[in-house]
There are 2 protein chains.
Amino acid sequence: MSEDTKAAKDAEKMEKIVSLCKRRGFIFQSAEIYGGLNGCWDYGPLGVELKRNLKDYWWRKNVRERDDVVGLDGSILTHQEALKSSGHVGGFSDPMVDCRTCKSRFRADQVCESKCPEKPSKNPEENGCDLTEPRDFNLMFETKMGASSDDGSIAYLRPETAQSIFVQFKNVCDQTGERVKMPFGIAQIGKAFRNEINPRNFTFRSREFEQMEIEYFCRAEDGLELTDYWLEERLKFYESIGIPREKLHVLDVPDGERGHYSSKTYDIEYEFPFGIQELEGVAYRTDYDLKAHSEGVGKPQEYVDQAAGEKFIPHVVEPSAGCDRTILALICEAYEEEVITNDKGKQETRVVMRFDPKMAPIKCAIFPLLKNKPELVAKSKEVLDLLRPFMNVTYDETGAVGRRYRRGDEAGTPFSVTVDFDTIGENGPENEGTVTLRERDSMEQIRIPITDLVAHLLPLIQ
Amino acid sequence: MSEDTKAAKDAEKMEKIVSLCKRRGFIFQSAEIYGGLNGCWDYGPLGVELKRNLKDYWWRKNVRERDDVVGLDGSILTHQEALKSSGHVGGFSDPMVDCRTCKSRFRADQVCESKCPEKPSKNPEENGCDLTEPRDFNLMFETKMGASSDDGSIAYLRPETAQSIFVQFKNVCDQTGERVKMPFGIAQIGKAFRNEINPRNFTFRSREFEQMEIEYFCRAEDGLELTDYWLEERLKFYESIGIPREKLHVLDVPDGERGHYSSKTYDIEYEFPFGIQELEGVAYRTDYDLKAHSEGVGKPQEYVDQAAGEKFIPHVVEPSAGCDRTILALICEAYEEEVITNDKGKQETRVVMRFDPKMAPIKCAIFPLLKNKPELVAKSKEVLDLLRPFMNVTYDETGAVGRRYRRGDEAGTPFSVTVDFDTIGENGPENEGTVTLRERDSMEQIRIPITDLVAHLLPLIQ
């Protein structure tokens with residue numbers, strides 16, 4: 001396949017994914033009926049379950065199942081002094097130019113590609129725009145808090161969840177508890193906001209996004225080794241949720257391209273249809289942040305080792321994952337079109353979302369063979385109630401069973417159960433109380449007693 | 001007890017609760033080291049687990065275990081046109097007065113109680129402030145989005161999660177799926193923001209808060225009956241998480257005090273130490289919102305009943321719970337001081353958080369009797385690893401076992417396991433492989449084989 005052909009196919013695939021996400025209720029554009037809010041997305045009924053599964057699994061693996069990590073959930077509205085200390089108020093910006101004629105603003109390094117909203121077909125250098133010199137444009141969303149209207153009331157939407165961890169470091173250390181002994185981590189899942197000039201690639205670069213971050217505090221001498229440790233941990237995590245190792249790339253970010261606070265950073269990248277792009281950064285941030293806040297508040301943000309009689313400002317390693325990006329990677333990875341031979345012997349294309357079963361929004365769909373046969377419907381509802389305490393299930397009675405299978409395939413539902421005349425004993429006692437269980441990927445069907453369903457399915461969806 | 005004495009005791013109790021919340025890592029003031037961000041709070045290691053347990057349980061009961069409710073997760077940043085249609089841009093405001101001298105702003109109806117920041121000890125009417133006429137001050141947080149600086153770029157932080165449900169109503173109905181047949185609900189858990197002039201009562205009235213909302217769509221003729229149905233459902237929910245029915249009050253909000261969109265509203269209130277205050281509103285919003293958005297976008301936001309060949313704008317019943325308020329109610333309800341006789345026969349006060357076990361942040365704490373005995377420590381870690389796949393556990397080896405019990409009581413941990421010399425067979429084979437299991441509320445201790453622990457505890461924590 002030539003590079004051009006591949007690019008066209010990738011673009012086409014991405015279009016199909018975006019379309020499926022809307023059609024099946026994974027992801028909608030925010031405020032679509034009002035023309036959309038650029039860079040913001042809403043998760044629909046299937047998307048919200050997928051996202052919950054990812055976040056719950058991340059939390060379980062990184063907090064609850066570890067002795068050395070505790071959680072935090074900080075506010076989104078952030079004190080301006082905290083973001084002055086961290087360097088975001090002064091330094092988190094892109095250079096922009098304004099047009100004195102049309103009042104539009106453009107990124108200085110992209111002015112040639114930009115469209116002027118006044119004269120949309122032309123680029124600003126050609127259409128007589130009168131541009132200012134480049135000025136820094138801060139990427140943080142600013143708002144006013146409280147009733148007063150002076151500068152003291154400025155607050156920001158946090159540009160990263162990390163800073164609330166640093167700001168609460170002392171409180172977490174000082175709480176009475178046994179779990180915070182160096183090295184230890186503080187983890188957080190939550191939203192962050194950046195006023196990106198050009199949101200793009202579906203949910204990949206958006207203005208409102210969710211992060212899954214750990215700040216792992218350690219002694220200076222352990223920083224580099226722990227950076228390597230966390231890189232491996234995170235790669236294993238992605239593999240465990242269904243992203244194969246060979247689609248992940250590790251970039252050892254070279255000097256000069258890392259954040260100013262970092263002396264070592266790995267980017268974990270994934271082969272999206274629109275290119276190889278970052279999923280997560282594993283950054284050794286040294287003691288930059290805690291030192292900055294120590295200066296900001298005039299008090300050392302230290303760790304006290306009572307056993308050793310020692311106080312010090314720890315270093316920190318930060319594995320910082322994009323939750324929405326990981327969801328997008330799961331969706332892109334799961335999407336497949338497959339040519340199959342249907343019941344009538346004809347070739348057809350099925351779209352199947354091959355989610356890892358533990359990530360799949362719905363684990364099992366229950367179908368009565370016919371919806372106008374009350375015994376089949378009643379027995380199906382019984383099966384539904386039997387499975388529901390153990391997994392997310394759905395009931396579907398509309399259309400031919402083959403069409404219901406296709407709907408389940410598109411939703412990524414790994415199993416479906418059909419309740420038929422055998423089940424209710426109409427074809428004799430032999431198969432009474434058994435159902436057809438169909439697996440999404442192989443499309444294989446087995447006959448299984450209803451009483452065995454939970455025990456059979458549970459190990460397959462965890 | 002006289003009313004004054006009760007008020008003093010309640011205030012003292014609330015102070016103790018706030019202090020425990022900080023000391024034990026339930027809730028910290030946001031940006032405390034920078035002087036705090038008024039009306040914003042961070043959840044610490046125990047608080048974040050408590051909140052996750054509440055949200056997960058709410059989602060399970062209201063979405064996953066119901067056939068008629070699907071989920072949504074909308075963006076916080078909200079299109080200004082959507083909030084114009086809903087009436088928030090024009091009408092979501094308090095009347096305020098500005099002072100021309102000191103530039104402060106006060107709520108018009110509270111100006112006598114307000115303090116002037118220039119002369120903090122005096123009230124503005126007395127200190128020569130030159131006040132403007134009252135003007136409406138919108139309670140929404142406003143921000144600018146995108147690179148352009150004109151009015152088109154205003155966006156708001158959503159003042160309620162409800163509007164993103166209404167705005168996505170058509171997309172949810174149009175998705176291919178089987179679960180949205182009238183009546184049906186769309187549920188959402190997420191943050192909302194209101195620029196409250198006077199945040200107060202700890203986390204109760206804050207500027208950033210989390211809601212757990214259902215918009216339950218129905219035919220007009222079913223609205224009132226479903227409002228009563230949801231009131232009962234919600235009362236049962238609060239009882240199921242440990243808030244007794246007798247501490248809950250239902251207020252049938254009278255005409256003239258309901259939202260303008262509502263023809264029937266129940267407030268569910270709880271007896272907080274600072275007064276009887278609202279936890280949740282169950283409001284029959286009629287077809288107000290979907291009609292408003294239909295007008296706003298110029299297209300009817302209808303439900304299509306294909307079987308009946310009918311189209312109509314549905315009515316909606318909204319059970320809207322405050323997640324942070326429910327957490328605060330759980331904390332207030334759990335808090336108890338109890339005078340007990342300790343091991344040495346002396347009376348002492350223990351503070352115990354009597355959380356319902358399924359809400360408790362940590363389900364079981366594991367203690368080695370002595371931390372300097374490697375066999376006890378190793379066996380304790382074995383028990384920890386055995387329980388961990390089934391529940392959130394912690395390990396505590398510091399101090400006397402009695403002190404560790406007290407620490408667990410304050411965290412609300414319902415069970416603790418002590419690994420002692422019997423466990424490791426040092427006192428003969430009789431009790432080898434057994435541990436002491438202590439229950440938080442009764443403080444009763446039983447001897448139980450390690451191999452029975454999971455089966456014994458699982459039904460007690462769910």
# chains A, B, ... in the order shown; residues from 1 in each chain; ligands from 1
>>> select_by_dssp(residues="stretch 13-63 of chain B", states="helix (DSSP H, G or I)", output="number ranges by chain")
B: 13-23, 32-34, 45-63
>>> closest_atom_pairs(of="chain B", to="chain A", cutoff="6 Å", atoms="only C-alpha atoms", output="Markdown table")
| residue | atom | partner | partner_atom | distance |
| --- | --- | --- | --- | --- |
| B:Arg23 | CA | A:Gln175 | CA | 5.1 |
| B:Arg24 | CA | A:Gln175 | CA | 5.1 |
| B:Gly25 | CA | A:Gln175 | CA | 5.6 |
| B:Leu37 | CA | A:His79 | CA | 6.0 |
| B:Trp41 | CA | A:Ser75 | CA | 6.0 |
| B:Asp42 | CA | A:Gly74 | CA | 4.2 |
| B:Tyr43 | CA | A:Asp73 | CA | 4.9 |
| B:Gly44 | CA | A:Leu72 | CA | 4.9 |
| B:Pro45 | CA | A:Gly71 | CA | 4.7 |
| B:Val48 | CA | A:Leu72 | CA | 5.8 |
| B:Arg64 | CA | A:Asn392 | CA | 5.9 |
| B:Val70 | CA | A:Pro45 | CA | 5.5 |
| B:Gly71 | CA | A:Pro45 | CA | 4.7 |
| B:Leu72 | CA | A:Gly44 | CA | 4.9 |
| B:Asp73 | CA | A:Tyr43 | CA | 4.9 |
| B:Gly74 | CA | A:Asp42 | CA | 4.2 |
| B:Ser75 | CA | A:Asp42 | CA | 5.6 |
| B:His79 | CA | A:Leu37 | CA | 5.9 |
| B:Ser104 | CA | A:Ser148 | CA | 5.3 |
| B:Arg105 | CA | A:Ser148 | CA | 5.1 |
| B:Glu142 | CA | A:Thr143 | CA | 5.8 |
| B:Thr143 | CA | A:Thr143 | CA | 5.2 |
| B:Gly146 | CA | A:Ile197 | CA | 5.8 |
| B:Ala147 | CA | A:Arg105 | CA | 5.4 |
| B:Ser148 | CA | A:Arg105 | CA | 5.1 |
| B:Gln175 | CA | A:Arg24 | CA | 5.1 |
| B:Thr176 | CA | A:Arg24 | CA | 5.5 |
| B:Glu178 | CA | A:Asp396 | CA | 5.7 |
| B:Ile197 | CA | A:Gly146 | CA | 5.8 |
| B:Asn392 | CA | A:Arg64 | CA | 5.9 |
| B:Asp396 | CA | A:Glu178 | CA | 5.7 |
>>> closest_residue(among="A:Leu54, A:Asp289, A:Met1, A:Val180", to="A:Asp68", atoms="only C-alpha atoms")
A:Val180
>>> atom_distance(atom1="atom CA of B:Glu271", atom2="atom CA of B:Cys332")
9.2 Å
>>> atom_distance(atom1="atom CA of A:Lys346", atom2="atom CA of A:Glu439")
20.8 Å
>>> closest_residue(among="B:Glu15, B:Glu295, B:Glu432, B:Glu257", to="B:Lys84", atoms="only C-alpha atoms")
B:Glu295
>>> atom_distance(atom1="atom CA of B:Leu458", atom2="atom CA of B:Phe390")
7.6 Å
>>> residues_around(residues="A:Ser442", least_positions_apart="3", cutoff="12 Å", atoms="only C-alpha atoms", output="PyMOL selection string")
chain A and resi 338+340+352+354+409+414-415+437-439+445-446
>>> write_last_selection(atoms="N, CA, C and O atoms", output="PDB file, in the first residue's frame")
ATOM      1  N   GLU A 338     -15.166  -6.528   9.088  1.00  0.00           N
ATOM      2  CA  GLU A 338     -14.848  -7.904   8.766  1.00  0.00           C
ATOM      3  C   GLU A 338     -15.875  -8.404   7.752  1.00  0.00           C
ATOM      4  O   GLU A 338     -17.069  -8.202   7.938  1.00  0.00           O
ATOM      5  N   ILE A 340     -17.953 -11.276   6.365  1.00  0.00           N
ATOM      6  CA  ILE A 340     -18.381 -12.602   6.832  1.00  0.00           C
ATOM      7  C   ILE A 340     -19.489 -13.136   5.924  1.00  0.00           C
ATOM      8  O   ILE A 340     -20.073 -12.394   5.143  1.00  0.00           O
ATOM      9  N   VAL A 352     -17.298  -4.532  14.046  1.00  0.00           N
ATOM     10  CA  VAL A 352     -17.232  -5.093  15.394  1.00  0.00           C
ATOM     11  C   VAL A 352     -16.225  -4.301  16.226  1.00  0.00           C
ATOM     12  O   VAL A 352     -15.143  -3.979  15.751  1.00  0.00           O
ATOM     13  N   ARG A 354     -13.898  -4.643  19.054  1.00  0.00           N
ATOM     14  CA  ARG A 354     -13.302  -5.743  19.805  1.00  0.00           C
ATOM     15  C   ARG A 354     -12.689  -5.271  21.126  1.00  0.00           C
ATOM     16  O   ARG A 354     -11.507  -5.476  21.392  1.00  0.00           O
ATOM     17  N   ASP A 409     -22.384  -6.241  18.264  1.00  0.00           N
ATOM     18  CA  ASP A 409     -21.002  -6.184  17.770  1.00  0.00           C
ATOM     19  C   ASP A 409     -20.507  -4.742  17.716  1.00  0.00           C
ATOM     20  O   ASP A 409     -19.377  -4.438  18.112  1.00  0.00           O
ATOM     21  N   PRO A 414     -19.320  -8.331  24.434  1.00  0.00           N
ATOM     22  CA  PRO A 414     -18.611  -9.585  24.139  1.00  0.00           C
ATOM     23  C   PRO A 414     -19.495 -10.841  24.103  1.00  0.00           C
ATOM     24  O   PRO A 414     -19.135 -11.813  23.450  1.00  0.00           O
ATOM     25  N   PHE A 415     -20.621 -10.798  24.816  1.00  0.00           N
ATOM     26  CA  PHE A 415     -21.463 -12.002  24.836  1.00  0.00           C
ATOM     27  C   PHE A 415     -22.921 -11.659  24.587  1.00  0.00           C
ATOM     28  O   PHE A 415     -23.385 -10.590  24.978  1.00  0.00           O
ATOM     29  N   LEU A 437     -25.323 -19.161  23.815  1.00  0.00           N
ATOM     30  CA  LEU A 437     -24.391 -18.104  24.199  1.00  0.00           C
ATOM     31  C   LEU A 437     -23.466 -17.859  23.022  1.00  0.00           C
ATOM     32  O   LEU A 437     -22.776 -18.779  22.562  1.00  0.00           O
ATOM     33  N   ARG A 438     -23.426 -16.637  22.525  1.00  0.00           N
ATOM     34  CA  ARG A 438     -22.624 -16.315  21.351  1.00  0.00           C
ATOM     35  C   ARG A 438     -21.509 -15.353  21.748  1.00  0.00           C
ATOM     36  O   ARG A 438     -21.740 -14.395  22.487  1.00  0.00           O
ATOM     37  N   GLU A 439     -20.295 -15.675  21.275  1.00  0.00           N
ATOM     38  CA  GLU A 439     -19.140 -14.836  21.593  1.00  0.00           C
ATOM     39  C   GLU A 439     -18.887 -13.891  20.423  1.00  0.00           C
ATOM     40  O   GLU A 439     -18.931 -14.313  19.259  1.00  0.00           O
ATOM     41  N   GLN A 445     -21.099 -20.162  18.804  1.00  0.00           N
ATOM     42  CA  GLN A 445     -22.256 -20.282  19.693  1.00  0.00           C
ATOM     43  C   GLN A 445     -22.197 -21.607  20.420  1.00  0.00           C
ATOM     44  O   GLN A 445     -21.873 -22.636  19.826  1.00  0.00           O
ATOM     45  N   ILE A 446     -22.483 -21.563  21.700  1.00  0.00           N
ATOM     46  CA  ILE A 446     -22.584 -22.816  22.462  1.00  0.00           C
ATOM     47  C   ILE A 446     -23.935 -22.851  23.164  1.00  0.00           C
ATOM     48  O   ILE A 446     -24.568 -21.808  23.374  1.00  0.00           O
TER      49      ILE A 446
END
>>> residues_around(residues="B:Tyr270", least_positions_apart="3", cutoff="8 Å", atoms="only C-alpha atoms", output="JSON, numbers by chain")
{"B": [247, 248, 249, 276, 277, 278, 279, 329]}
>>> select_by_dssp(residues="stretch 140-357 of chain A", states="strand (DSSP E or B)", output="JSON, numbers by chain")
{"A": [142, 143, 144, 154, 155, 156, 157, 184, 185, 186, 187, 188, 189, 190, 191, 192, 193, 200, 205, 208, 209, 210, 211, 212, 213, 214, 215, 216, 217, 218, 248, 249, 250, 251, 252, 264, 265, 266, 267, 268, 269, 270, 271, 272, 275, 276, 277, 278, 279, 280, 281, 282, 283, 284, 285, 286, 303, 304, 305, 310, 311, 312, 315, 316, 317, 318, 319, 320, 321, 322, 335, 336, 337, 338, 339, 340, 341, 347, 348, 349, 350, 351, 352, 353]}
>>> write_last_selection(atoms="C-alpha atoms", output="PDB file, in the first residue's frame")
ATOM      1  CA  GLU A 142      -9.590  32.390  33.579  1.00  0.00           C
ATOM      2  CA  THR A 143     -12.676  33.276  35.548  1.00  0.00           C
ATOM      3  CA  LYS A 144     -13.727  35.672  38.306  1.00  0.00           C
ATOM      4  CA  ILE A 154      -9.205  35.834  39.493  1.00  0.00           C
ATOM      5  CA  ALA A 155      -9.180  32.032  39.549  1.00  0.00           C
ATOM      6  CA  TYR A 156      -8.201  29.531  36.870  1.00  0.00           C
ATOM      7  CA  LEU A 157      -9.523  26.197  35.724  1.00  0.00           C
ATOM      8  CA  PHE A 184       4.816   6.820  47.877  1.00  0.00           C
ATOM      9  CA  GLY A 185       2.381   8.203  45.359  1.00  0.00           C
ATOM     10  CA  ILE A 186      -0.696  10.407  45.348  1.00  0.00           C
ATOM     11  CA  ALA A 187      -3.075   9.615  42.496  1.00  0.00           C
ATOM     12  CA  GLN A 188      -5.855  11.620  40.987  1.00  0.00           C
ATOM     13  CA  ILE A 189      -8.406  11.265  38.213  1.00  0.00           C
ATOM     14  CA  GLY A 190     -10.066  14.482  37.197  1.00  0.00           C
ATOM     15  CA  LYS A 191     -10.733  17.111  34.609  1.00  0.00           C
ATOM     16  CA  ALA A 192      -8.269  19.709  33.399  1.00  0.00           C
ATOM     17  CA  PHE A 193      -8.704  22.522  30.891  1.00  0.00           C
ATOM     18  CA  ARG A 200      -8.376  18.636  16.512  1.00  0.00           C
ATOM     19  CA  ARG A 205      -6.763  17.477  21.417  1.00  0.00           C
ATOM     20  CA  GLU A 208     -11.715  20.000  28.407  1.00  0.00           C
ATOM     21  CA  PHE A 209     -10.163  16.636  29.163  1.00  0.00           C
ATOM     22  CA  GLU A 210      -9.694  14.156  31.948  1.00  0.00           C
ATOM     23  CA  GLN A 211      -6.336  13.088  33.345  1.00  0.00           C
ATOM     24  CA  MET A 212      -5.263  10.033  35.323  1.00  0.00           C
ATOM     25  CA  GLU A 213      -2.132  11.079  37.151  1.00  0.00           C
ATOM     26  CA  ILE A 214       0.196   9.792  39.823  1.00  0.00           C
ATOM     27  CA  GLU A 215       2.767  11.958  41.543  1.00  0.00           C
ATOM     28  CA  TYR A 216       5.215   9.422  42.940  1.00  0.00           C
ATOM     29  CA  PHE A 217       7.422  11.017  45.613  1.00  0.00           C
ATOM     30  CA  CYS A 218      10.875   9.649  46.254  1.00  0.00           C
ATOM     31  CA  LEU A 248       2.800   1.526  21.544  1.00  0.00           C
ATOM     32  CA  HIS A 249       5.954   3.566  21.003  1.00  0.00           C
ATOM     33  CA  VAL A 250       8.241   4.929  23.666  1.00  0.00           C
ATOM     34  CA  LEU A 251       9.892   8.248  22.957  1.00  0.00           C
ATOM     35  CA  ASP A 252      12.819   9.187  25.196  1.00  0.00           C
ATOM     36  CA  LYS A 264      13.959  12.795  32.036  1.00  0.00           C
ATOM     37  CA  THR A 265      10.683  12.191  30.191  1.00  0.00           C
ATOM     38  CA  TYR A 266       9.288   9.264  28.276  1.00  0.00           C
ATOM     39  CA  ASP A 267       6.289   9.745  26.038  1.00  0.00           C
ATOM     40  CA  ILE A 268       4.152   6.666  25.519  1.00  0.00           C
ATOM     41  CA  GLU A 269       2.626   6.976  22.070  1.00  0.00           C
ATOM     42  CA  TYR A 270      -0.028   5.032  20.223  1.00  0.00           C
ATOM     43  CA  GLU A 271      -0.569   4.497  16.502  1.00  0.00           C
ATOM     44  CA  PHE A 272      -3.791   6.448  16.027  1.00  0.00           C
ATOM     45  CA  GLY A 275      -0.634   9.458  13.345  1.00  0.00           C
ATOM     46  CA  ILE A 276       1.574   8.317  16.197  1.00  0.00           C
ATOM     47  CA  GLN A 277       0.548  10.503  19.119  1.00  0.00           C
ATOM     48  CA  GLU A 278       1.110  10.761  22.851  1.00  0.00           C
ATOM     49  CA  LEU A 279      -1.109   8.844  25.276  1.00  0.00           C
ATOM     50  CA  GLU A 280       0.892   9.455  28.413  1.00  0.00           C
ATOM     51  CA  GLY A 281       4.011  11.174  29.649  1.00  0.00           C
ATOM     52  CA  VAL A 282       6.191   9.639  32.337  1.00  0.00           C
ATOM     53  CA  ALA A 283       8.176  12.616  33.574  1.00  0.00           C
ATOM     54  CA  TYR A 284      10.828  12.850  36.243  1.00  0.00           C
ATOM     55  CA  ARG A 285       9.929  16.327  37.558  1.00  0.00           C
ATOM     56  CA  THR A 286      12.741  16.399  40.145  1.00  0.00           C
ATOM     57  CA  TYR A 303       8.563  15.165  53.976  1.00  0.00           C
ATOM     58  CA  VAL A 304       9.475  14.245  57.545  1.00  0.00           C
ATOM     59  CA  ASP A 305      11.054  10.854  58.107  1.00  0.00           C
ATOM     60  CA  GLU A 310      15.283  13.611  58.557  1.00  0.00           C
ATOM     61  CA  LYS A 311      13.379  16.302  56.646  1.00  0.00           C
ATOM     62  CA  PHE A 312      13.657  16.931  52.939  1.00  0.00           C
ATOM     63  CA  HIS A 315      11.680  14.429  44.127  1.00  0.00           C
ATOM     64  CA  VAL A 316       8.776  13.193  42.069  1.00  0.00           C
ATOM     65  CA  VAL A 317       8.085  10.933  39.107  1.00  0.00           C
ATOM     66  CA  GLU A 318       4.844  11.629  37.270  1.00  0.00           C
ATOM     67  CA  PRO A 319       3.040   9.100  35.092  1.00  0.00           C
ATOM     68  CA  SER A 320       0.338  11.304  33.559  1.00  0.00           C
ATOM     69  CA  ALA A 321      -2.202   9.629  31.287  1.00  0.00           C
ATOM     70  CA  GLY A 322      -4.889  11.217  29.189  1.00  0.00           C
ATOM     71  CA  TYR A 335     -12.791  -0.923  15.538  1.00  0.00           C
ATOM     72  CA  GLU A 336     -12.782  -3.549  12.848  1.00  0.00           C
ATOM     73  CA  GLU A 337     -14.633  -4.253   9.645  1.00  0.00           C
ATOM     74  CA  GLU A 338     -14.848  -7.904   8.766  1.00  0.00           C
ATOM     75  CA  VAL A 339     -16.325  -9.618   5.724  1.00  0.00           C
ATOM     76  CA  ILE A 340     -18.381 -12.602   6.832  1.00  0.00           C
ATOM     77  CA  THR A 341     -20.856 -15.021   5.315  1.00  0.00           C
ATOM     78  CA  GLN A 347     -21.150 -12.031   2.096  1.00  0.00           C
ATOM     79  CA  GLU A 348     -21.619  -8.996   4.267  1.00  0.00           C
ATOM     80  CA  THR A 349     -19.439  -6.616   6.228  1.00  0.00           C
ATOM     81  CA  ARG A 350     -19.844  -6.540   9.960  1.00  0.00           C
ATOM     82  CA  VAL A 351     -18.459  -3.738  12.093  1.00  0.00           C
ATOM     83  CA  VAL A 352     -17.232  -5.093  15.394  1.00  0.00           C
ATOM     84  CA  MET A 353     -15.732  -3.236  18.343  1.00  0.00           C
TER      85      MET A 353
END
>>> residues_around(residues="B:Asn53", least_positions_apart="6", cutoff="10 Å", atoms="only C-alpha atoms", output="ChimeraX atom specification")
/B:47,59,358-361
>>> closest_residue(among="A:Ile327, A:Cys129, A:Gln306, A:Gly87", to="A:Arg100", atoms="only C-alpha atoms")
A:Cys129
